[in-house]
Amino acid sequence: MPSQLVDLINFNEITPAVNQIEVNLLCQQKELTAINKKYNVISQAYAPFGQSKANHMFEFKEIVEIAKKYSKSPRQIALRFLLQNGIAVIPKSVHIERMQENINVFDFELTQDEMKELNKLDTGKNLIGCSQDVIVAQQAMMW
């Protein structure tokens, strides 16, 4: 949460270098990434594809049309969007083809209009779960 990050920074001698948070096209965490930037903390997206809970996002016409324009996959468009927003990404894969696809996002750039279009996909809701939710926190402690 933004307030927790500010407290962590203000009440400790060392500012975190990275804040790993859920960020993807449907959960863009704009307030938290802005706070990270203000305090020179790198926003790092875990689950930049929303895990299996957001696979339908790659069927959205906005993403599919942009992907076709650049001859890229919708997943590559999602990664490029995050990178252009200054967010480090950790796309998980065990498949060599996906790993190659994930790294092949530096040979094109989305336009401002495309970035605005993708910004509109933000639901403002976590897909994986909110760490502030007591049930989610209890489940995490069980692992």
# chains A, B, ... in the order shown; residues from 1 in each chain; ligands from 1

call {"tool": "select_by_dssp", "arguments": {"residues": "chain A", "states": "alpha helix (DSSP H)", "output": "VMD selection string"}}
result
chain A and resid 2 to 10 30 to 38 61 to 70 74 to 84 96 to 103 112 to 119 134 to 142

call {"tool": "residues_around", "arguments": {"residues": "Lys92 in chain A", "least_positions_apart": "6", "cutoff": "10 Å", "atoms": "only C-alpha atoms", "output": "PyMOL selection string"}}
result
chain A and resi 46-49+51+98-99+102

call {"tool": "closest_residue", "arguments": {"among": "A:Asn24, A:Gln44, A:Ser71, A:Gln100", "to": "Leu121 in chain A", "atoms": "only C-alpha atoms"}}
result
A:Asn24

call {"tool": "atom_distance", "arguments": {"atom1": "CA of Val6 in chain A", "atom2": "CA of Asn36 in chain A"}}
result
9.0 Å

call {"tool": "residues_around", "arguments": {"residues": "Leu83 in chain A", "least_positions_apart": "6", "cutoff": "12 Å", "atoms": "only C-alpha atoms", "output": "ChimeraX atom specification"}}
result
/A:23-25,42-45,48,76-77,89-91,102-103,105-106,108-110,115

call {"tool": "write_last_selection", "arguments": {"atoms": "N, CA, C and O atoms", "output": "compact mmCIF listing (two decimals), in the first residue's frame"}}
result
# COMPACT_ATOMS: atom_id res chain seq x y z
N VAL A 23 1.27 -5.77 -10.95
CA VAL A 23 0.96 -4.77 -11.98
C VAL A 23 0.78 -5.51 -13.29
O VAL A 23 1.61 -6.34 -13.68
N ASN A 24 -0.31 -5.22 -13.97
CA ASN A 24 -0.57 -5.74 -15.31
C ASN A 24 -1.58 -4.80 -15.96
O ASN A 24 -1.96 -3.79 -15.38
N LEU A 25 -1.98 -5.10 -17.16
CA LEU A 25 -2.89 -4.21 -17.88
C LEU A 25 -4.20 -3.95 -17.14
O LEU A 25 -4.76 -2.86 -17.24
N ILE A 42 12.09 1.54 -7.55
CA ILE A 42 11.70 0.90 -8.81
C ILE A 42 10.46 0.04 -8.59
O ILE A 42 10.42 -0.77 -7.67
N SER A 43 9.46 0.25 -9.42
CA SER A 43 8.28 -0.62 -9.42
C SER A 43 8.62 -1.86 -10.24
O SER A 43 9.06 -1.74 -11.38
N GLN A 44 8.42 -3.02 -9.65
CA GLN A 44 8.70 -4.27 -10.35
C GLN A 44 7.43 -5.10 -10.35
O GLN A 44 6.88 -5.41 -9.28
N ALA A 45 6.96 -5.46 -11.53
CA ALA A 45 5.70 -6.18 -11.67
C ALA A 45 5.91 -7.68 -11.54
O ALA A 45 6.63 -8.27 -12.34
N PRO A 48 3.03 -10.04 -14.46
CA PRO A 48 2.64 -9.00 -15.42
C PRO A 48 1.57 -9.45 -16.41
O PRO A 48 0.99 -8.63 -17.10
N GLN A 76 3.42 -9.63 -25.56
CA GLN A 76 4.52 -8.68 -25.82
C GLN A 76 4.03 -7.24 -25.70
O GLN A 76 4.76 -6.38 -25.21
N ILE A 77 2.81 -6.99 -26.13
CA ILE A 77 2.24 -5.65 -26.00
C ILE A 77 2.09 -5.30 -24.52
O ILE A 77 2.41 -4.19 -24.09
N VAL A 89 9.74 -5.78 -15.24
CA VAL A 89 8.83 -6.93 -15.34
C VAL A 89 9.55 -8.24 -15.06
O VAL A 89 10.75 -8.37 -15.33
N ILE A 90 8.80 -9.18 -14.52
CA ILE A 90 9.31 -10.54 -14.29
C ILE A 90 8.28 -11.50 -14.90
O ILE A 90 7.43 -12.04 -14.20
N PRO A 91 8.34 -11.72 -16.20
CA PRO A 91 7.40 -12.67 -16.80
C PRO A 91 7.89 -14.10 -16.56
O PRO A 91 8.99 -14.46 -16.95
N ASN A 102 9.22 -13.17 -24.59
CA ASN A 102 9.23 -12.17 -23.52
C ASN A 102 10.39 -11.18 -23.67
O ASN A 102 10.25 -10.01 -23.32
N ILE A 103 11.52 -11.63 -24.15
CA ILE A 103 12.68 -10.73 -24.28
C ILE A 103 12.61 -9.89 -25.56
O ILE A 103 13.25 -8.85 -25.66
N VAL A 105 10.91 -7.54 -26.88
CA VAL A 105 9.98 -6.41 -26.76
C VAL A 105 10.70 -5.06 -26.86
O VAL A 105 10.12 -4.03 -26.55
N PHE A 106 11.94 -5.09 -27.30
CA PHE A 106 12.73 -3.86 -27.33
C PHE A 106 12.94 -3.32 -28.75
O PHE A 106 13.66 -2.34 -28.93
N PHE A 108 10.41 -2.23 -30.72
CA PHE A 108 9.28 -1.37 -31.11
C PHE A 108 8.88 -0.53 -29.91
O PHE A 108 9.28 -0.78 -28.78
N GLU A 109 8.09 0.50 -30.17
CA GLU A 109 7.61 1.38 -29.10
C GLU A 109 6.15 1.72 -29.36
O GLU A 109 5.77 2.04 -30.50
N LEU A 110 5.36 1.65 -28.32
CA LEU A 110 3.94 2.01 -28.44
C LEU A 110 3.80 3.53 -28.53
O LEU A 110 4.55 4.26 -27.89
N MET A 115 -0.73 3.92 -25.77
CA MET A 115 -0.55 3.87 -24.32
C MET A 115 -1.83 4.35 -23.62
O MET A 115 -2.27 3.73 -22.65

call {"tool": "residues_around", "arguments": {"residues": "Asn40 in chain A", "least_positions_apart": "3", "cutoff": "9 Å", "atoms": "only C-alpha atoms", "output": "count of residues only"}}
result
7

call {"tool": "closest_residue", "arguments": {"among": "A:His95, A:Glu114, A:Gly50, A:Ala34", "to": "Ala67 in chain A", "atoms": "only C-alpha atoms"}}
result
A:Glu114

call {"tool": "residues_around", "arguments": {"residues": "Glu117 in chain A", "least_positions_apart": "4", "cutoff": "12 Å", "atoms": "only C-alpha atoms", "output": "ChimeraX atom specification"}}
result
/A:25,60-63,65-66,81,110-113,121-122

call {"tool": "write_last_selection", "arguments": {"atoms": "N, CA and C atoms", "output": "CSV table (one decimal), in the first residue's frame"}}
result
chain,number,residue,atom,x,y,z
A,25,LEU,N,-2.0,-5.1,-17.2
A,25,LEU,CA,-2.9,-4.2,-17.9
A,25,LEU,C,-4.2,-4.0,-17.1
A,60,PHE,N,-8.8,-9.0,-25.7
A,60,PHE,CA,-9.4,-7.6,-25.9
A,60,PHE,C,-9.0,-7.1,-27.2
A,61,LYS,N,-9.9,-6.5,-27.9
A,61,LYS,CA,-9.7,-6.0,-29.3
A,61,LYS,C,-8.6,-4.9,-29.3
A,62,GLU,N,-8.5,-4.1,-28.2
A,62,GLU,CA,-7.5,-3.1,-28.2
A,62,GLU,C,-6.1,-3.7,-28.2
A,63,ILE,N,-5.9,-4.7,-27.5
A,63,ILE,CA,-4.6,-5.4,-27.4
A,63,ILE,C,-4.3,-6.1,-28.7
A,65,GLU,N,-5.5,-5.7,-31.7
A,65,GLU,CA,-5.2,-4.7,-32.9
A,65,GLU,C,-3.8,-4.2,-32.8
A,66,ILE,N,-3.4,-3.8,-31.6
A,66,ILE,CA,-2.0,-3.2,-31.5
A,66,ILE,C,-1.0,-4.3,-31.8
A,81,PHE,N,4.0,-2.2,-22.7
A,81,PHE,CA,3.3,-1.2,-22.0
A,81,PHE,C,3.9,-0.9,-20.6
A,110,LEU,N,5.4,1.7,-28.3
A,110,LEU,CA,3.9,2.0,-28.4
A,110,LEU,C,3.8,3.5,-28.5
A,111,THR,N,2.8,4.0,-29.3
A,111,THR,CA,2.6,5.4,-29.4
A,111,THR,C,1.9,5.9,-28.2
A,112,GLN,N,1.8,7.2,-28.1
A,112,GLN,CA,1.1,7.8,-26.9
A,112,GLN,C,-0.4,7.5,-27.0
A,113,ASP,N,-1.0,7.4,-28.2
A,113,ASP,CA,-2.4,7.1,-28.3
A,113,ASP,C,-2.6,5.6,-27.9
A,121,LEU,N,-7.7,0.2,-19.8
A,121,LEU,CA,-8.1,-1.2,-19.4
A,121,LEU,C,-8.0,-1.4,-17.9
A,122,ASP,N,-7.4,-0.5,-17.2
A,122,ASP,CA,-7.2,-0.6,-15.8
A,122,ASP,C,-8.5,-0.7,-15.0

call {"tool": "closest_residue", "arguments": {"among": "A:Asn126, A:Asn85, A:Ala78, A:Lys72", "to": "Asp107 in chain A", "atoms": "only C-alpha atoms"}}
result
A:Lys72

call {"tool": "select_by_dssp", "arguments": {"residues": "range 8-140 of chain A", "states": "strand (DSSP E)", "output": "number ranges by chain"}}
result
A: 18-22, 42-46, 88-90

call {"tool": "write_last_selection", "arguments": {"atoms": "N, CA, C and O atoms", "output": "mmCIF file, in the first residue's frame"}}
result
data_model
loop_
_atom_site.group_PDB
_atom_site.id
_atom_site.type_symbol
_atom_site.label_atom_id
_atom_site.label_comp_id
_atom_site.auth_asym_id
_atom_site.auth_seq_id
_atom_site.Cartn_x
_atom_site.Cartn_y
_atom_site.Cartn_z
ATOM 1 N N VAL A 18 13.606 -1.500 -4.645
ATOM 2 C CA VAL A 18 12.578 -2.086 -5.504
ATOM 3 C C VAL A 18 11.342 -2.393 -4.658
ATOM 4 O O VAL A 18 11.457 -2.833 -3.521
ATOM 5 N N ASN A 19 10.183 -2.155 -5.243
ATOM 6 C CA ASN A 19 8.921 -2.552 -4.628
ATOM 7 C C ASN A 19 8.235 -3.488 -5.613
ATOM 8 O O ASN A 19 7.775 -3.065 -6.672
ATOM 9 N N GLN A 20 8.204 -4.769 -5.285
ATOM 10 C CA GLN A 20 7.603 -5.761 -6.170
ATOM 11 C C GLN A 20 6.110 -5.836 -5.879
ATOM 12 O O GLN A 20 5.693 -6.172 -4.767
ATOM 13 N N ILE A 21 5.313 -5.491 -6.873
ATOM 14 C CA ILE A 21 3.864 -5.375 -6.706
ATOM 15 C C ILE A 21 3.151 -6.017 -7.890
ATOM 16 O O ILE A 21 3.726 -6.194 -8.968
ATOM 17 N N GLU A 22 1.887 -6.332 -7.680
ATOM 18 C CA GLU A 22 1.088 -6.841 -8.789
ATOM 19 C C GLU A 22 0.781 -5.684 -9.727
ATOM 20 O O GLU A 22 0.136 -4.712 -9.345
ATOM 21 N N ILE A 42 12.090 1.539 -7.554
ATOM 22 C CA ILE A 42 11.704 0.900 -8.811
ATOM 23 C C ILE A 42 10.459 0.040 -8.590
ATOM 24 O O ILE A 42 10.419 -0.771 -7.674
ATOM 25 N N SER A 43 9.464 0.245 -9.423
ATOM 26 C CA SER A 43 8.283 -0.621 -9.418
ATOM 27 C C SER A 43 8.621 -1.858 -10.239
ATOM 28 O O SER A 43 9.059 -1.744 -11.380
ATOM 29 N N GLN A 44 8.422 -3.022 -9.648
ATOM 30 C CA GLN A 44 8.700 -4.270 -10.352
ATOM 31 C C GLN A 44 7.429 -5.105 -10.350
ATOM 32 O O GLN A 44 6.880 -5.406 -9.284
ATOM 33 N N ALA A 45 6.959 -5.456 -11.529
ATOM 34 C CA ALA A 45 5.697 -6.182 -11.670
ATOM 35 C C ALA A 45 5.907 -7.675 -11.544
ATOM 36 O O ALA A 45 6.627 -8.273 -12.336
ATOM 37 N N TYR A 46 5.298 -8.260 -10.528
ATOM 38 C CA TYR A 46 5.201 -9.713 -10.542
ATOM 39 C C TYR A 46 3.866 -10.036 -11.214
ATOM 40 O O TYR A 46 2.933 -9.244 -11.166
ATOM 41 N N ALA A 88 9.670 -2.410 -14.140
ATOM 42 C CA ALA A 88 10.452 -3.610 -14.421
ATOM 43 C C ALA A 88 9.493 -4.802 -14.392
ATOM 44 O O ALA A 88 8.548 -4.828 -13.613
ATOM 45 N N VAL A 89 9.737 -5.784 -15.240
ATOM 46 C CA VAL A 89 8.828 -6.928 -15.337
ATOM 47 C C VAL A 89 9.551 -8.242 -15.059
ATOM 48 O O VAL A 89 10.746 -8.373 -15.329
ATOM 49 N N ILE A 90 8.803 -9.181 -14.517
ATOM 50 C CA ILE A 90 9.305 -10.536 -14.289
ATOM 51 C C ILE A 90 8.282 -11.498 -14.896
ATOM 52 O O ILE A 90 7.429 -12.036 -14.198
#
